[in-house]
Each structure stands twice: as C-alpha cells, then as structure tokens.
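Enquirer: The structure is given below, and queries will be raised subsequently.
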Amino acid sequence: MNDDRQKNSDLDLNKILEEYSAINRESVRSSDSGSQYGRQESSSSYNDVPISKNNSAVRRNTENLNAPAKKFVLHIDETVIDSADNEPVRKPQNNSGIYFSNYQKKSNTTPNGNRNNTTANGAPVAKPTTQSNNKSVSVKKNIGSRAALIFLAIIIGATSILSYIGISCIGDMLAINRSEESIEVTIPEDAKYTEVIDILHDNDLIKNKLFCKLFTQYRHFDDDTYLSGKYYLSSSMGLEGMLKDMMVAPITADTIKLSFPEGWTVQQIFEKLEKNDVCESNKLYSTIRSNYSYDFFAEIEDNNKRYLKLEGYLFPDTYDFFVGADTNYVIKKFLDNFESKWTPEYQARADKLGYSCDEIIIIASIIQKEAANSEQMKTISSVIHNRLNNGARFPTLGCDSTALYVTNYVTPVVGDAAGLNYYSYYDTRSNKGLPPGPICNPGMDAIKAALYPETTKYFFFAHDNSGKIYLAETLDGHNTNLVKIIKANNQN
C-alpha cells in the first residue's frame, strides 16, 4: 500500500513540475524578447543617453540577465502529505519557492470520474458520515445480544426442566428423600396398573405418572392383578415396593373370615356381609346389577322376568374379606371362585346335554333346594331332566321351591307388588320349563348332579319331614307316595 501511495505521489508531482516548467519557459521567452529589444535600443542610443540614477533600474535589469539563474527548489513537507484531508491549508513560508501544503497521496476522484469531490454538474459531493453506519452496527449488536440471551435462557430452562424430571423419576423409583408418612390408599376391585398409578399420584406418593407407568410396564407389573382394599403406603417405599405390596392382601387392614353354606340366596349372603361390617347390603345390590367381563356372564340372557342376573353365581365357600371392603371387590371374589369351578369339562358336558351354563345353574339351584342331602341330588336331577325331555307329557316341573324363593327371599326386598309379579314368573306349577333364573347359589355337588344325572324313569318325587325321598313314574304312584308321607309325618 505504501508503494502505491508513493507511486501516486510521484505521478502527481511530475505533473505539477511539467506544468510549472511550461509556465517558466513561457516567462523566459517573454523576458528574452523584452531584453533583446532593450539591448537593441541600448545599442543605438547607449552613447547618446547618459547613465543616471533614473537609469539604475535598467542597469539592474541588465545585471539580472547577465547573472547566473537561481536554482529551483521545491519544498515537500512529508508531514503535511500524511495529514488528514480536512487539515487547514498552510501558506508558503517565503516568496522564493513553491510550497505544497496538504498534498493528497490518493486521488479524490468520485465514482463519476470527477476530482475534488464534485459531481458531474459541478455540485459538491457530500462526504459520507459514520453516524448511520455506527447506528446500524449498534442495532445489529443489540439484536445479536438479545438473540444470544434468549438462546441462553432457553438452554437454561430446558436443562432445568430435564433435571427436575430426571430427579423426580429417580426419586419415585429409588425413594430418595421421600417422606415416611403413611397414607391410606383404597384400591378398587379389578384395578388396572394405570389406575393404580393414578391413585398413587393423586395421593402424592409419586411425582411422575408417565415414567411410573412406563417403569411398571418394563418391570411387567402391568400383567399382575392388584388386590382391592385399603393399603397404608408411604413414598419412602418406592414405586416397586408399593406395587408389590398391593399384589398381596394387606396385613395392616382388618380382615374377617366368613363361610356361606350351599343353597344360600343373594339376600342371605348380603345380610351376613353387612352384619359383619364388610359392606352395606344396599350397595351390594347396586353393584351386583353391574356388567362383568366373564364368559359365563356373557351367556346369561337378559330377561326382565329374572330377579337378579347373578343369583346362582355367588359360589358358596369360605372367604376372607376386608372390613369396610369395596363392594366390587366383594362381588368379584365370589365370581372369581365360580369361574375357577366351572371348568371347560363342565362346559363341554353342558353343550352335550344341549344346555347353556346358565340353564345348568338353574337346574342345579332347584336340585340344591329340593334335595335333602347330596346322595339324593343325582336322583332328583334325573326327575328334572326326564320332565324337561318329555315336555309334551310333563310341560311343567311342578317344584314348590321356585315359588317359595320369591315368597321368602325376593318379596321382602322388593315389596309385595313387585314380589307378586316375580311369583307369577317363578311358579313352575303354572309356567312351562325352567324358571327365569336360579333360585339360590348351588354348590359343587348340585352342579355335578345337574351335569351328570342318574338314568331313571321317574317323573315324580316327594319328601317327608325326615327328608326321606319318595319316587314315582306315574301320577298314581306319586299320589300313593303322598299318602305314605302323611302317615310318616303323623308318626313323627
């Protein structure tokens, strides 16, 4: 760059020298012509005009022409050349030379080819100011600073959120810095793992529901059955500990063992549950009318003549219940037991006989109520099957137990008016075939007897007060047996 500046300076200097030389030569020519004329004049009258004081100027001019020429000296101040463009111009220091002040090393040629900062029409060109440039740079710097701050804030916020989520997830799993305070939690019957996680979250036992549900799936706890009831849990147990605790009966809750005899009705079962503070009977009646996802339940025909859809399926057995238990939990405990008893073998046998599971349970409930003991069950089953298979001769079953079911167990619950309607539906002396539903909850012996009856030709049976059974193939034989029964009862 310095070389270019020097080159430009030399070119400008040479140009100036050439212009000055031309002016100087022109001046010398004028001086020479004037001197020659003066010399000619002087030669012609030199002797005639005496030299006096008035002629001293001529003499000095002549002396100047004869004197040797002065050297041309050009003063160049380098400090002035390097000075700023707007520095004030200096005047020459003396009269004997040329002093170039504020010499520009670079040409001030404008984009249109003019020099000296002028436009094509001679108007001065305004010098660009740095104010707008500085303002633009300042705005860009401010925008860049704000963008950097926003980006930094986003990074910090995202990091904080991820850190909080990570800490809460680890805390749920490992119970780090969690409270040991016990909280009572109630798990409903047949609760899924997602519902259990929601309950834990609602009780502030866990922080991150989504992570806990994923963890439960990963650990395969989602395939297990969670027992209903009340549990006393603390977040210090950790997620896995709480889940495992709900897969077994809680030892902290009060339990009671209750036995239900074969042949009991729903009304008898519910009264006992309420008497022992398991749950209220009115809530049990409401729950038993719910829908359930069992195969046998799907086969039960919806019939408005039927008193309770699940009468006959509360399998009689001995159970452990939680005091104050959830009604869904109680009903399902009975139904689970029935489902375990009704095997595929029994279903295949029912299909072979041409009956549904529900029809077999209805037959079994009648057997359960009519038989004095288990030894009589298969014989009584044969009488019922013989009548059902000979509907033309014996269109009705003629069993008193079906009507007594309504009188003794339905009417006290639903009232006389509704009980009267149900009586008309369940009276097997007036109605053909089987009643609308089971009349009790039969045990295993009665169910087996309904599936595997004896092969007999009996169409009638009756009992005396001692429980002795009297069988007959015809109506006359049956009437004879009734006389015998009267005598037997009178003797006792």
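Going by the structure tokens order, chains are called A, B, ..., each with residues numbered from 1, while ligands are numbered from 1 in the order shown.
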With 12 Å as the cut-off and only C-alpha atoms counted, what is the closest atom pair between each nearby residue of segment 301-340 of chain A and segment 184-206 of chain A? Distances in Å to one decimal, ordered by chain and number, as JSON lines.

Expert:
{"residue": "A:Phe322", "atom": "CA", "partner": "A:Thr186", "partner_atom": "CA", "distance": 11.5}
{"residue": "A:Gly324", "atom": "CA", "partner": "A:Thr186", "partner_atom": "CA", "distance": 10.6}
{"residue": "A:Ala325", "atom": "CA", "partner": "A:Pro188", "partner_atom": "CA", "distance": 9.1}
{"residue": "A:Asp326", "atom": "CA", "partner": "A:Pro188", "partner_atom": "CA", "distance": 6.5}
{"residue": "A:Thr327", "atom": "CA", "partner": "A:Glu189", "partner_atom": "CA", "distance": 8.1}
{"residue": "A:Asn328", "atom": "CA", "partner": "A:Glu189", "partner_atom": "CA", "distance": 5.3}
{"residue": "A:Tyr329", "atom": "CA", "partner": "A:Glu189", "partner_atom": "CA", "distance": 4.4}
{"residue": "A:Val330", "atom": "CA", "partner": "A:Glu189", "partner_atom": "CA", "distance": 8.2}
{"residue": "A:Ile331", "atom": "CA", "partner": "A:Glu189", "partner_atom": "CA", "distance": 9.1}
{"residue": "A:Lys332", "atom": "CA", "partner": "A:Glu189", "partner_atom": "CA", "distance": 7.4}
{"residue": "A:Lys333", "atom": "CA", "partner": "A:Glu189", "partner_atom": "CA", "distance": 9.1}
{"residue": "A:Asp336", "atom": "CA", "partner": "A:Asp190", "partner_atom": "CA", "distance": 10.9}

Enquirer: Excluding Cys357 of chain A and residues on its chain fewer than 3 positions from it, collect all residues at most 10 Å away from it, counting only C-alpha atoms, and give them as a PyMOL selection string.

Expert: chain A and resi 295-297+299-300+342+346-351+354+360-362+451

Enquirer: Can you list, as a list in words, all residues belonging to segment 232-348 of chain A that DSSP tags as strand (DSSP E or B)?

Expert: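 Of segment 232-348 of chain A, the ones in strand (DSSP E or B) are Tyr232, Leu233, Thr255, Ile256, Lys257, Leu258, Ser259, Thr318, Tyr319, Asp320, Phe321 and Phe322 of chain A.
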
Enquirer: Which one of A:Glu375, A:Asp254, A:Glu180, A:Glu359 sits closest to Gly238 of chain A if you count only C-alpha atoms?

Expert: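 Ranked by minimum distance to Gly238 of chain A, first place goes to A:Glu180.
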
Enquirer: Can you tell me which residues surround Thr396 of chain A at a distance of at most 10 Å, considering only C-alpha atoms, apart from same-chain residues fewer than 6 positions away, and format the answer as a VMD selection string?

Expert: chain A and resid 384 387 to 388 390 427 to 434

Enquirer: Segment 133-381 of chain A: which residues are helix (DSSP H, G or I) by DSSP, as number ranges by chain?

Expert: A: 133-174, 193-202, 209-218, 221-223, 235-245, 266-275, 281-288, 295-298, 327-341, 344-353, 357-370, 374-381

Enquirer: For Gln268 of chain A, which residue among A:Phe461, A:Phe394, A:Tyr405, A:Tyr422 is the nearest when counting only C-alpha atoms?

Expert: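 Among the listed residues, the smallest separation from Gln268 of chain A belongs to A:Tyr405.
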
Enquirer: Using only C-alpha atoms, which residue out of A:Lys283, A:Ile183, A:Val410, A:Glu311 lies closest to Leu233 of chain A?

Expert: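 Of all the options, A:Ile183 lies closest to Leu233 of chain A.
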
Enquirer: Work out how far atom CA of Gln491 of chain A is from atom CA of Ser401 of chain A, in Å to one decimal.

Expert: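 Interatomic distance, atom CA of Ser401 of chain A to atom CA of Gln491 of chain A: 24.9 Å.
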
Enquirer: May I ask which of the residues A:Pro435, A:Gly144, A:Pro442, A:Gly467 is the closest one to Gly398 of chain A, counting only C-alpha atoms?

Expert: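 Among A:Pro435, A:Gly144, A:Pro442, A:Gly467, it is A:Pro435 that comes nearest to Gly398 of chain A.
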